[in-house]
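Asker: What follows is the file work.cif, containing mmCIF, C-alpha atoms:
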data_my_file
loop_
_atom_site.group_PDB
_atom_site.id
_atom_site.type_symbol
_atom_site.label_atom_id
_atom_site.label_comp_id
_atom_site.auth_asym_id
_atom_site.auth_seq_id
_atom_site.Cartn_x
_atom_site.Cartn_y
_atom_site.Cartn_z
ATOM 1 C CA MET A 154 26.095 18.037 6.390
ATOM 2 C CA GLU A 155 28.394 15.085 6.991
ATOM 3 C CA PRO A 156 30.561 14.458 3.894
ATOM 4 C CA ARG A 157 29.316 10.896 3.432
ATOM 5 C CA ILE A 158 25.682 12.012 3.642
ATOM 6 C CA LYS A 159 26.418 14.911 1.266
ATOM 7 C CA GLU A 160 28.055 12.507 -1.191
ATOM 8 C CA PHE A 161 25.078 10.167 -0.860
ATOM 9 C CA VAL A 162 22.523 12.912 -1.404
ATOM 10 C CA GLU A 163 24.370 14.532 -4.322
ATOM 11 C CA SER A 164 25.276 11.310 -6.127
ATOM 12 C CA ASP A 165 23.034 9.502 -8.569
ATOM 13 C CA ALA A 166 24.061 6.111 -7.181
ATOM 14 C CA GLY A 167 20.899 5.287 -5.283
ATOM 15 C CA ALA A 168 20.167 3.949 -1.823
ATOM 16 C CA ALA A 169 21.034 0.314 -2.532
ATOM 17 C CA GLN A 170 24.485 1.195 -3.844
ATOM 18 C CA PHE A 171 25.069 3.530 -0.915
ATOM 19 C CA VAL A 172 24.120 0.862 1.609
ATOM 20 C CA ALA A 173 26.322 -1.691 -0.189
ATOM 21 C CA ARG A 174 29.229 0.757 -0.131
ATOM 22 C CA TYR A 175 28.933 2.049 3.433
ATOM 23 C CA GLY A 176 27.008 -0.692 5.211
ATOM 24 C CA GLU A 177 23.508 -0.939 6.612
ATOM 25 C CA ALA A 178 24.446 0.937 9.784
ATOM 26 C CA THR A 179 25.263 4.073 7.797
ATOM 27 C CA ALA A 180 21.827 4.117 6.209
ATOM 28 C CA SER A 181 20.251 5.694 9.266
ATOM 29 C CA PRO A 182 16.746 7.145 9.146
ATOM 30 C CA ALA A 183 18.254 10.627 8.666
ATOM 31 C CA VAL A 184 20.330 9.439 5.722
ATOM 32 C CA ARG A 185 17.384 7.620 4.200
ATOM 33 C CA GLN A 186 15.223 10.736 4.634
ATOM 34 C CA ALA A 187 17.915 12.890 3.037
ATOM 35 C CA TYR A 188 18.035 10.486 0.109
ATOM 36 C CA GLN A 189 14.240 10.407 -0.239
ATOM 37 C CA ASP A 190 14.143 14.218 -0.164
ATOM 38 C CA TRP A 191 16.829 14.380 -2.835
ATOM 39 C CA VAL A 192 15.058 11.806 -5.024
ATOM 40 C CA LEU A 193 11.779 13.696 -4.708
ATOM 41 C CA ALA A 194 13.439 17.020 -5.585
ATOM 42 C CA ASP A 195 15.207 15.397 -8.532
ATOM 43 C CA PHE A 196 11.932 13.817 -9.707
ATOM 44 C CA ARG A 197 10.124 17.154 -9.507
ATOM 45 C CA GLU A 198 12.899 18.897 -11.440
ATOM 46 C CA ARG A 199 12.925 16.214 -14.124
ATOM 47 C CA SER A 200 9.116 16.351 -14.339
ATOM 48 C CA LEU A 201 9.172 20.120 -14.777
ATOM 49 C CA LEU A 202 11.862 19.875 -17.442
ATOM 50 C CA GLN A 203 10.008 17.117 -19.270
ATOM 51 C CA GLY A 204 6.784 19.126 -19.123
ATOM 52 C CA ALA A 205 8.528 22.187 -20.532
ATOM 53 C CA ARG A 206 10.191 20.062 -23.217
ATOM 54 C CA ASP A 207 6.853 18.474 -24.186
ATOM 55 C CA GLU A 208 5.180 21.877 -24.272
ATOM 56 C CA GLY A 209 7.920 23.264 -26.500
ATOM 57 C CA ILE A 210 7.669 20.326 -28.878
ATOM 58 C CA ALA A 211 3.884 20.675 -29.089
ATOM 59 C CA GLU A 212 4.218 24.413 -29.719
ATOM 60 C CA GLY A 213 6.774 23.776 -32.460
ATOM 61 C CA ILE A 214 4.548 21.213 -34.125
ATOM 62 C CA THR A 215 1.572 23.572 -33.997
ATOM 63 C CA LYS A 216 3.626 26.432 -35.405
ATOM 64 C CA GLY A 217 5.008 24.205 -38.154
ATOM 65 C CA LYS A 218 1.528 23.036 -39.135
ATOM 66 C CA ALA A 219 0.268 26.634 -39.251
ATOM 67 C CA GLU A 220 3.190 27.701 -41.420
ATOM 68 C CA GLU A 221 2.551 24.744 -43.706
ATOM 69 C CA ARG A 222 -1.144 25.657 -44.063
ATOM 70 C CA PHE A 223 -0.232 29.250 -44.948
ATOM 71 C CA ALA A 224 2.310 28.046 -47.518
ATOM 72 C CA ILE A 225 -0.314 25.793 -49.107
ATOM 73 C CA ALA A 226 -2.789 28.679 -49.142
ATOM 74 C CA LYS A 227 -0.258 30.950 -50.860
ATOM 75 C CA ASN A 228 0.327 28.307 -53.523
ATOM 76 C CA ALA A 229 -3.430 27.846 -53.967
ATOM 77 C CA ILE A 230 -3.866 31.622 -54.352
ATOM 78 C CA ALA A 231 -1.152 31.614 -56.998
ATOM 79 C CA MET A 232 -3.043 28.830 -58.772
ATOM 80 C CA LYS A 233 -6.166 31.052 -58.748
ATOM 81 C CA MET A 234 -8.216 28.701 -56.594
ATOM 82 C CA SER A 235 -11.349 30.144 -55.010
ATOM 83 C CA ILE A 236 -11.361 31.225 -51.398
ATOM 84 C CA SER A 237 -13.906 28.526 -50.528
ATOM 85 C CA GLN A 238 -11.668 25.857 -52.070
ATOM 86 C CA ILE A 239 -8.654 27.186 -50.141
ATOM 87 C CA GLU A 240 -10.715 27.166 -46.937
ATOM 88 C CA LEU A 241 -11.536 23.493 -47.483
ATOM 89 C CA LEU A 242 -7.969 22.652 -48.457
ATOM 90 C CA THR A 243 -6.184 24.375 -45.577
ATOM 91 C CA GLY A 244 -8.718 24.898 -42.804
ATOM 92 C CA LEU A 245 -7.856 28.610 -42.772
ATOM 93 C CA THR A 246 -10.587 31.197 -42.432
ATOM 94 C CA ARG A 247 -11.740 33.491 -45.204
ATOM 95 C CA THR A 248 -10.175 36.450 -43.342
ATOM 96 C CA GLN A 249 -6.808 34.699 -43.114
ATOM 97 C CA ILE A 250 -6.857 33.829 -46.806
ATOM 98 C CA GLU A 251 -7.879 37.332 -47.817
ATOM 99 C CA GLY A 252 -4.997 38.628 -45.690
ATOM 100 C CA LEU A 253 -2.611 36.483 -47.731
ATOM 101 C CA GLN A 254 -4.019 37.830 -50.978
ATOM 102 C CA ARG A 255 -3.005 41.397 -50.112
#
Rewrite the structure from the file as structure tokens, please.
Answerer:
Amino acid sequence: MEPRIKEFVESDAGAAQFVARYGEATASPAVRQAYQDWVLADFRERSLLQGARDEGIAEGITKGKAEERFAIAKNAIAMKMSISQIELLTGLTRTQIEGLQR
């Protein structure tokens, strides 16, 4: 690939800055296509990363909430609350609460 096209494709400057720097004649259809391909690839990569990041955050929140519910249940068990009260308080099942009692 021509060095100027490679620089254009690999930079984060954008088409307008490239055209301003090298002139309209340099922004040939091949260069514009190379830029569009690069932008699309970059967009897809950023979208995948953002999706993974969002998924990880959601998983962490869910895990944190579950741990919090189990901690509340353990405290309620220590306070001698009934299983039905703990179920209402935490949203845990009877089986989960009985598992904590052991």
Asker: So what do you get for atom CA of A:Met234 versus atom CA of A:Ile214, distance-wise?
Answerer: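 About the pair atom CA of A:Met234 and atom CA of A:Ile214: they are 26.9 Å apart.
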Asker: In Å to one decimal, how far is atom CA of A:Glu240 from atom CA of A:Asn228?
Answerer: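 Between atom CA of A:Asn228 and atom CA of A:Glu240 the gap is 12.9 Å.
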Asker: Which residue, A:Glu198, A:Glu251, A:Glu208, A:Glu220, has the smallest gap to A:Ser235 when you use only C-alpha atoms?
Answerer: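 Between A:Glu198, A:Glu251, A:Glu208, A:Glu220, the residue approaching A:Ser235 most closely is A:Glu251.
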Asker: Between atom CA of A:Lys216 and atom CA of A:Arg197, what distance in Å does the model show, to one decimal?
Answerer: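 Between these atoms lies a distance of 28.3 Å.
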Asker: Name the closest residue to A:Ile236 among the candidates A:Leu202, A:Gln254, A:Asp195, A:Glu221; distances are taken between atoms, counting all atoms listed in the file.
Answerer: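 Going through A:Leu202, A:Gln254, A:Asp195, A:Glu221 one by one, the smallest distance to A:Ile236 is for A:Gln254.
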Asker: Show me, as a list of chain:residue names, the residues that have an atom within 12 Å of A:Leu245 when counting only C-alpha atoms, minus same-chain residues fewer than 5 positions from it.
Answerer: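 Non-adjacent residues within range: A:Lys218, A:Ala219, A:Glu220, A:Glu221, A:Arg222, A:Phe223, A:Ala224, A:Ile225, A:Ala226, A:Lys227, A:Ile236, A:Ser237, A:Gln238, A:Ile239, A:Glu240, A:Ile250, A:Glu251, A:Gly252, A:Leu253.
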Asker: Would you save the residues from that selection as an mmCIF file, in the frame of the given file, using C-alpha atoms?
Answerer:
data_model
loop_
_atom_site.group_PDB
_atom_site.id
_atom_site.type_symbol
_atom_site.label_atom_id
_atom_site.label_comp_id
_atom_site.auth_asym_id
_atom_site.auth_seq_id
_atom_site.Cartn_x
_atom_site.Cartn_y
_atom_site.Cartn_z
ATOM 1 C CA LYS A 218 1.528 23.036 -39.135
ATOM 2 C CA ALA A 219 0.268 26.634 -39.251
ATOM 3 C CA GLU A 220 3.190 27.701 -41.420
ATOM 4 C CA GLU A 221 2.551 24.744 -43.706
ATOM 5 C CA ARG A 222 -1.144 25.657 -44.063
ATOM 6 C CA PHE A 223 -0.232 29.250 -44.948
ATOM 7 C CA ALA A 224 2.310 28.046 -47.518
ATOM 8 C CA ILE A 225 -0.314 25.793 -49.107
ATOM 9 C CA ALA A 226 -2.789 28.679 -49.142
ATOM 10 C CA LYS A 227 -0.258 30.950 -50.860
ATOM 11 C CA ILE A 236 -11.361 31.225 -51.398
ATOM 12 C CA SER A 237 -13.906 28.526 -50.528
ATOM 13 C CA GLN A 238 -11.668 25.857 -52.070
ATOM 14 C CA ILE A 239 -8.654 27.186 -50.141
ATOM 15 C CA GLU A 240 -10.715 27.166 -46.937
ATOM 16 C CA ILE A 250 -6.857 33.829 -46.806
ATOM 17 C CA GLU A 251 -7.879 37.332 -47.817
ATOM 18 C CA GLY A 252 -4.997 38.628 -45.690
ATOM 19 C CA LEU A 253 -2.611 36.483 -47.731
#
